[in-house]
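Let me begin by presenting the structure, written as structure tokens, before commenting on it.
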Amino acid sequence: THHGGLDYFDPVSEKFQHYKHDSIDPGSIGMDSLHTVFIENDKYLWVGAEVGLTRLDRTTGKFTTYRHNQDDSSSICSGSVFKLTTDKNVTVWIATVSGLEKFDAKTGKFIHFLPGYAVKAAFKSANGDLWAGATQGLFLYDQTSGQFKSYKPENLPSGIEDILSVIGDKENRLWITTSNSVIRLNTETKIAKVYSAEYGILSSSWNWLNNYLSSDGRIFIGGTKGYYMINPSEMI
């Protein structure tokens, strides 16, 4: 929740378990103002917050919290956490307002990418490509150089800016949301299709938190004015 901590719903008992920050318990959740939840595996659940990051070990019920430390260059960068994903090597990546972070599970340290960029989206596509969406544009991880490179569709030479989220459909196309449009990107042809006001897309600054691909292939995009339901197979 935004200020009330984390709630876990047990569908069997139909009861909620509440996790709230406790200043005298170092194993409690690190903060109560939360943005996103990411399940890494059966053991670890991550929670991105307004300030920092916290990880639940579900075998112990204890949290480990990661905050920026200006005296430690390997600590997580400062600011809000918006999204988490894993790459094909099952490494955790974290999109933050100050850049993209790669978590080293062996050392507990963070490696910084796109420093100073407001990265609000991190997404692994079905073919294993790792994408980052930022205010400054769309980026694709290059395995050879180990860096992110700017990606611009062939029919949008100026690129895509002010990206709020990236999600994929079952045909491995990307659906990218900005503050005033939804963009479908065919990564094979490198051609993008822009859906904006003429398609009923209203401006929203909060649809980066709430996008979802359903089991039947439909995409749900959440914004301040409600949800959009998109059936990719029906879009021209």
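Ordering of the structure tokens sets the chain letters (A, B, ...); residue numbers start at 1 within each chain; ligands are numbered from 1 in the order shown.
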Counting only C-alpha atoms, what are the residues of region 33-136 of chain A within 12 Å of region 186-206 of chain A, and for each of them which pair of atoms is the nearest and at what distance in Å, to one decimal? Sort the table by chain and rising number, as CSV.
residue,atom,partner,partner_atom,distance
A:His35,CA,A:Trp206,CA,10.8
A:Phe82,CA,A:Trp206,CA,10.9
A:Lys120,CA,A:Trp206,CA,10.7
A:Ser125,CA,A:Thr187,CA,10.2
A:Ala126,CA,A:Thr187,CA,11.6
A:Asn127,CA,A:Thr187,CA,10.8
A:Asp129,CA,A:Thr187,CA,10.3
A:Trp131,CA,A:Thr187,CA,11.3
A:Thr135,CA,A:Ser205,CA,11.9
Would you please give, as a list in words, all residues of region 185-219 of chain A that DSSP assigns to strand (DSSP E) based on the backbone?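 Taking region 185-219 of chain A and keeping strand (DSSP E) only, one gets Leu185, Asn186, Ile191, Ala192, Lys193, Val194, Tyr195, Tyr212, Leu213 and Ile219 of chain A.
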Near Gly128 (chain A), counting only C-alpha atoms, which residues have an atom at most 10 Å away, once you skip same-chain residues fewer than 3 positions from it, shown as a list in words?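 Result of the neighbour search: Thr86, Asp87, Lys88, Asn89, Phe123, Lys124, Ser125 and Trp131 of chain A.
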Since we have the selection now, will you write its residues out, keeping all heavy atoms, as a compact mmCIF listing (two decimals), in the first residue's frame?
# COMPACT_ATOMS: atom_id res chain seq x y z
N THR A 86 13.94 -9.88 -13.43
CA THR A 86 15.16 -10.69 -13.50
C THR A 86 15.54 -10.86 -14.96
O THR A 86 14.68 -10.85 -15.85
CB THR A 86 14.97 -12.08 -12.86
OG1 THR A 86 13.80 -12.70 -13.42
CG2 THR A 86 14.81 -11.96 -11.35
N ASP A 87 16.85 -11.03 -15.21
CA ASP A 87 17.30 -11.31 -16.57
C ASP A 87 17.37 -12.83 -16.78
O ASP A 87 16.97 -13.60 -15.91
CB ASP A 87 18.63 -10.62 -16.86
CG ASP A 87 19.77 -11.09 -15.95
OD1 ASP A 87 19.66 -12.20 -15.39
OD2 ASP A 87 20.76 -10.35 -15.81
N LYS A 88 17.89 -13.25 -17.92
CA LYS A 88 17.91 -14.69 -18.23
C LYS A 88 18.88 -15.46 -17.35
O LYS A 88 18.83 -16.69 -17.31
CB LYS A 88 18.24 -14.91 -19.70
CG LYS A 88 19.55 -14.34 -20.16
CD LYS A 88 19.69 -14.53 -21.66
CE LYS A 88 20.97 -13.96 -22.21
NZ LYS A 88 21.05 -14.09 -23.69
N ASN A 89 19.73 -14.75 -16.62
CA ASN A 89 20.62 -15.38 -15.64
C ASN A 89 20.05 -15.34 -14.23
O ASN A 89 20.74 -15.63 -13.26
CB ASN A 89 21.98 -14.70 -15.67
CG ASN A 89 22.67 -14.84 -17.01
OD1 ASN A 89 22.66 -15.91 -17.62
ND2 ASN A 89 23.26 -13.75 -17.49
N PHE A 123 12.16 -4.63 -17.91
CA PHE A 123 11.36 -5.75 -18.43
C PHE A 123 12.23 -6.73 -19.18
O PHE A 123 13.06 -6.34 -20.01
CB PHE A 123 10.26 -5.22 -19.36
CG PHE A 123 9.44 -6.29 -20.00
CD1 PHE A 123 8.51 -7.01 -19.26
CD2 PHE A 123 9.60 -6.61 -21.34
CE1 PHE A 123 7.75 -8.02 -19.84
CE2 PHE A 123 8.85 -7.60 -21.94
CZ PHE A 123 7.92 -8.31 -21.18
N LYS A 124 12.05 -8.02 -18.89
CA LYS A 124 12.69 -9.09 -19.66
C LYS A 124 11.67 -9.67 -20.63
O LYS A 124 10.62 -10.16 -20.23
CB LYS A 124 13.21 -10.19 -18.73
CG LYS A 124 13.91 -11.33 -19.48
CD LYS A 124 14.27 -12.48 -18.56
CE LYS A 124 13.03 -13.22 -18.09
NZ LYS A 124 13.34 -14.42 -17.29
N SER A 125 11.98 -9.61 -21.91
CA SER A 125 11.07 -10.14 -22.92
C SER A 125 11.16 -11.65 -22.99
O SER A 125 12.05 -12.27 -22.40
CB SER A 125 11.38 -9.52 -24.29
OG SER A 125 12.68 -9.90 -24.72
N TRP A 131 15.13 -4.86 -21.18
CA TRP A 131 14.79 -3.51 -21.59
C TRP A 131 14.68 -2.59 -20.38
O TRP A 131 14.28 -3.02 -19.30
CB TRP A 131 13.45 -3.50 -22.34
CG TRP A 131 13.44 -4.29 -23.60
CD1 TRP A 131 13.20 -5.63 -23.73
CD2 TRP A 131 13.69 -3.81 -24.92
NE1 TRP A 131 13.28 -6.01 -25.05
CE2 TRP A 131 13.58 -4.91 -25.80
CE3 TRP A 131 13.99 -2.54 -25.45
CZ2 TRP A 131 13.76 -4.78 -27.18
CZ3 TRP A 131 14.17 -2.42 -26.82
CH2 TRP A 131 14.06 -3.52 -27.67
So which residues touch region 219-234 of chain A within 12 Å, counting only C-alpha atoms, skipping near sequence neighbours fewer than 6 positions away, as number ranges by chain? A: 164-186, 193, 195, 199-213
Region 60-69 of chain A environment, 8 Å, only C-alpha atoms, sequence neighbours closer than 2 positions dropped, as a ChimeraX atom specification: /A:26-30,51-58,71-73,75-78
Those residues you just picked out, can you put them in a file as a short mmCIF file (atom, residue, chain, number, x, y, z; two decimals), in the first residue's frame with all heavy atoms?
data_model
loop_
_atom_site.label_atom_id
_atom_site.label_comp_id
_atom_site.auth_asym_id
_atom_site.auth_seq_id
_atom_site.Cartn_x
_atom_site.Cartn_y
_atom_site.Cartn_z
N PRO A 26 14.82 -4.90 13.56
CA PRO A 26 15.56 -4.80 12.31
C PRO A 26 15.10 -5.79 11.24
O PRO A 26 15.42 -5.63 10.07
CB PRO A 26 17.00 -5.08 12.74
CG PRO A 26 16.88 -5.88 14.00
CD PRO A 26 15.66 -5.35 14.69
N GLY A 27 14.35 -6.81 11.63
CA GLY A 27 13.85 -7.78 10.68
C GLY A 27 12.47 -7.45 10.14
O GLY A 27 11.92 -8.22 9.35
N SER A 28 11.92 -6.30 10.55
CA SER A 28 10.61 -5.91 10.04
C SER A 28 10.77 -5.26 8.67
O SER A 28 11.88 -4.93 8.24
CB SER A 28 9.93 -4.94 11.00
OG SER A 28 10.57 -3.67 10.99
N ILE A 29 9.66 -5.06 7.96
CA ILE A 29 9.71 -4.40 6.66
C ILE A 29 10.31 -3.01 6.84
O ILE A 29 10.06 -2.33 7.83
CB ILE A 29 8.31 -4.36 6.03
CG1 ILE A 29 8.40 -3.93 4.56
CG2 ILE A 29 7.35 -3.48 6.81
CD1 ILE A 29 7.10 -4.12 3.80
N GLY A 30 11.15 -2.60 5.91
CA GLY A 30 11.96 -1.40 6.11
C GLY A 30 11.22 -0.09 6.00
O GLY A 30 11.70 0.94 6.48
N VAL A 51 11.22 5.24 -0.83
CA VAL A 51 12.64 5.47 -0.59
C VAL A 51 13.27 4.14 -0.20
O VAL A 51 13.11 3.68 0.93
CB VAL A 51 12.88 6.51 0.53
CG1 VAL A 51 14.39 6.72 0.72
CG2 VAL A 51 12.21 7.84 0.20
N GLY A 52 13.96 3.50 -1.14
CA GLY A 52 14.68 2.27 -0.82
C GLY A 52 13.99 1.00 -1.29
O GLY A 52 13.01 1.01 -2.02
N LEU A 53 14.54 -0.12 -0.80
CA LEU A 53 14.17 -1.45 -1.25
C LEU A 53 14.25 -2.40 -0.07
O LEU A 53 15.15 -2.29 0.76
CB LEU A 53 15.14 -1.88 -2.35
CG LEU A 53 14.99 -3.23 -3.02
CD1 LEU A 53 13.72 -3.25 -3.89
CD2 LEU A 53 16.21 -3.51 -3.90
N THR A 54 13.31 -3.34 0.00
CA THR A 54 13.34 -4.32 1.08
C THR A 54 13.01 -5.70 0.52
O THR A 54 12.23 -5.82 -0.44
CB THR A 54 12.37 -3.91 2.21
OG1 THR A 54 12.55 -4.75 3.35
CG2 THR A 54 10.93 -3.95 1.76
N ARG A 55 13.62 -6.75 1.11
CA ARG A 55 13.44 -8.11 0.60
C ARG A 55 12.99 -9.03 1.73
O ARG A 55 13.62 -9.06 2.79
CB ARG A 55 14.73 -8.62 -0.01
CG ARG A 55 14.62 -10.01 -0.63
CD ARG A 55 15.94 -10.49 -1.19
NE ARG A 55 16.91 -10.81 -0.14
CZ ARG A 55 18.11 -11.34 -0.37
NH1 ARG A 55 18.50 -11.57 -1.61
NH2 ARG A 55 18.93 -11.60 0.63
N LEU A 56 11.92 -9.77 1.48
CA LEU A 56 11.40 -10.71 2.46
C LEU A 56 11.93 -12.10 2.18
O LEU A 56 11.82 -12.62 1.06
CB LEU A 56 9.87 -10.73 2.41
CG LEU A 56 9.18 -11.82 3.25
CD1 LEU A 56 9.42 -11.60 4.74
CD2 LEU A 56 7.67 -11.86 2.95
N ASP A 57 12.54 -12.71 3.19
CA ASP A 57 12.90 -14.13 3.14
C ASP A 57 11.69 -14.89 3.67
O ASP A 57 11.39 -14.88 4.87
CB ASP A 57 14.13 -14.40 4.01
CG ASP A 57 14.61 -15.85 3.91
OD1 ASP A 57 13.77 -16.73 3.67
OD2 ASP A 57 15.81 -16.07 4.10
N ARG A 58 10.98 -15.54 2.77
CA ARG A 58 9.71 -16.16 3.15
C ARG A 58 9.90 -17.42 4.00
O ARG A 58 8.94 -17.92 4.58
CB ARG A 58 8.88 -16.44 1.90
CG ARG A 58 8.41 -15.17 1.22
CD ARG A 58 7.35 -15.42 0.18
NE ARG A 58 7.92 -15.92 -1.06
CZ ARG A 58 7.19 -16.26 -2.13
NH1 ARG A 58 5.87 -16.20 -2.09
NH2 ARG A 58 7.79 -16.69 -3.23
N ASP A 71 28.22 7.16 1.58
CA ASP A 71 29.61 6.79 1.81
C ASP A 71 29.98 5.42 1.24
O ASP A 71 31.11 4.96 1.39
CB ASP A 71 29.92 6.80 3.32
CG ASP A 71 29.77 8.17 3.93
OD1 ASP A 71 30.14 9.17 3.27
OD2 ASP A 71 29.24 8.27 5.07
N ASP A 72 29.00 4.77 0.59
CA ASP A 72 29.22 3.44 0.02
C ASP A 72 28.76 3.45 -1.43
O ASP A 72 27.56 3.45 -1.73
CB ASP A 72 28.44 2.40 0.82
CG ASP A 72 28.67 0.97 0.31
OD1 ASP A 72 29.42 0.80 -0.67
OD2 ASP A 72 28.09 0.04 0.91
N SER A 73 29.71 3.45 -2.37
CA SER A 73 29.37 3.53 -3.79
C SER A 73 28.67 2.28 -4.31
O SER A 73 28.11 2.29 -5.41
CB SER A 73 30.65 3.76 -4.61
OG SER A 73 31.56 2.68 -4.45
N SER A 75 26.20 0.81 -2.61
CA SER A 75 24.84 0.76 -2.07
C SER A 75 23.86 1.14 -3.17
O SER A 75 24.24 1.69 -4.20
CB SER A 75 24.69 1.71 -0.87
OG SER A 75 24.78 3.06 -1.29
N ILE A 76 22.59 0.85 -2.95
CA ILE A 76 21.57 1.19 -3.94
C ILE A 76 21.52 2.71 -4.10
O ILE A 76 21.78 3.45 -3.15
CB ILE A 76 20.19 0.63 -3.51
CG1 ILE A 76 19.18 0.76 -4.66
CG2 ILE A 76 19.68 1.28 -2.24
CD1 ILE A 76 17.87 0.05 -4.41
N CYS A 77 21.23 3.17 -5.31
CA CYS A 77 21.17 4.61 -5.54
C CYS A 77 19.96 5.20 -4.82
O CYS A 77 19.05 4.49 -4.37
CB CYS A 77 21.11 4.92 -7.03
SG CYS A 77 19.69 4.26 -7.90
N SER A 78 19.97 6.50 -4.67
CA SER A 78 18.96 7.16 -3.86
C SER A 78 17.63 7.27 -4.60
O SER A 78 17.57 7.23 -5.83
CB SER A 78 19.43 8.56 -3.47
OG SER A 78 19.64 9.35 -4.63
#
Surrounding residues of Trp93 (chain A) excluding itself and chain neighbours under 6 positions, 7 Å, only C-alpha atoms, as a PyMOL selection string: chain A and resi 84-86+101-103
Once you have the residues from the selection above, write them out as a compact mmCIF listing (two decimals), in the first residue's frame, restricted to all heavy atoms.
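The new file out-v1.txt reads:
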# COMPACT_ATOMS: atom_id res chain seq x y z
N LEU A 84 10.91 -4.02 -10.64
CA LEU A 84 11.98 -5.01 -10.58
C LEU A 84 11.72 -6.11 -11.60
O LEU A 84 10.57 -6.40 -11.94
CB LEU A 84 12.08 -5.65 -9.19
CG LEU A 84 12.46 -4.74 -8.03
CD1 LEU A 84 11.23 -4.23 -7.30
CD2 LEU A 84 13.37 -5.48 -7.04
N THR A 85 12.79 -6.72 -12.07
CA THR A 85 12.68 -7.86 -12.95
C THR A 85 13.94 -8.71 -12.81
O THR A 85 14.88 -8.31 -12.12
CB THR A 85 12.49 -7.43 -14.42
OG1 THR A 85 12.12 -8.56 -15.21
CG2 THR A 85 13.77 -6.82 -14.99
N THR A 86 13.94 -9.88 -13.43
CA THR A 86 15.16 -10.69 -13.50
C THR A 86 15.54 -10.86 -14.96
O THR A 86 14.68 -10.85 -15.85
CB THR A 86 14.97 -12.08 -12.86
OG1 THR A 86 13.80 -12.70 -13.42
CG2 THR A 86 14.81 -11.96 -11.35
N GLU A 101 19.61 -0.46 -11.38
CA GLU A 101 20.51 -1.16 -10.48
C GLU A 101 20.52 -2.65 -10.77
O GLU A 101 19.47 -3.25 -11.02
CB GLU A 101 20.08 -0.95 -9.02
CG GLU A 101 20.00 0.51 -8.59
CD GLU A 101 21.38 1.12 -8.43
OE1 GLU A 101 21.95 1.02 -7.34
OE2 GLU A 101 21.88 1.69 -9.42
N LYS A 102 21.71 -3.25 -10.72
CA LYS A 102 21.87 -4.70 -10.83
C LYS A 102 22.32 -5.20 -9.47
O LYS A 102 23.31 -4.73 -8.92
CB LYS A 102 22.91 -5.03 -11.90
CG LYS A 102 23.19 -6.51 -12.08
CD LYS A 102 24.26 -6.72 -13.15
CE LYS A 102 24.59 -8.19 -13.35
NZ LYS A 102 25.65 -8.38 -14.39
N PHE A 103 21.59 -6.18 -8.93
CA PHE A 103 21.88 -6.69 -7.59
C PHE A 103 22.79 -7.91 -7.68
O PHE A 103 22.50 -8.88 -8.38
CB PHE A 103 20.59 -7.07 -6.88
CG PHE A 103 20.79 -7.61 -5.49
CD1 PHE A 103 21.23 -6.79 -4.46
CD2 PHE A 103 20.55 -8.95 -5.22
CE1 PHE A 103 21.42 -7.30 -3.18
CE2 PHE A 103 20.73 -9.46 -3.94
CZ PHE A 103 21.16 -8.63 -2.92
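Pairwise distance (CA of Ala49 (chain A), CA of Gly146 (chain A)) equals 27.2 Å.
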Mind checking which residues fall within 7 Å of Ile160 (chain A), counting only C-alpha atoms, ignoring those fewer than 4 positions away in the same chain, and posting them as an mmCIF file with N, CA, C and O atoms, in the first residue's frame?
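Result file follows (part_35.cif):
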data_model
loop_
_atom_site.group_PDB
_atom_site.id
_atom_site.type_symbol
_atom_site.label_atom_id
_atom_site.label_comp_id
_atom_site.auth_asym_id
_atom_site.auth_seq_id
_atom_site.Cartn_x
_atom_site.Cartn_y
_atom_site.Cartn_z
ATOM 1 N N GLY A 137 14.314 7.913 -22.520
ATOM 2 C CA GLY A 137 14.185 7.054 -23.680
ATOM 3 C C GLY A 137 14.124 5.576 -23.347
ATOM 4 O O GLY A 137 14.066 5.166 -22.177
ATOM 5 N N LEU A 138 14.179 4.754 -24.406
ATOM 6 C CA LEU A 138 14.130 3.293 -24.296
ATOM 7 C C LEU A 138 15.536 2.737 -24.517
ATOM 8 O O LEU A 138 16.257 3.169 -25.424
ATOM 9 N N LYS A 152 15.791 3.145 -30.757
ATOM 10 C CA LYS A 152 14.805 4.015 -31.397
ATOM 11 C C LYS A 152 14.148 3.261 -32.547
ATOM 12 O O LYS A 152 14.851 2.751 -33.431
#
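For chain A, backbone-based DSSP assignment of helix (DSSP H, G or I) covers Ala197, Glu198, Tyr199, Pro232, Ser233 and Glu234 of chain A.
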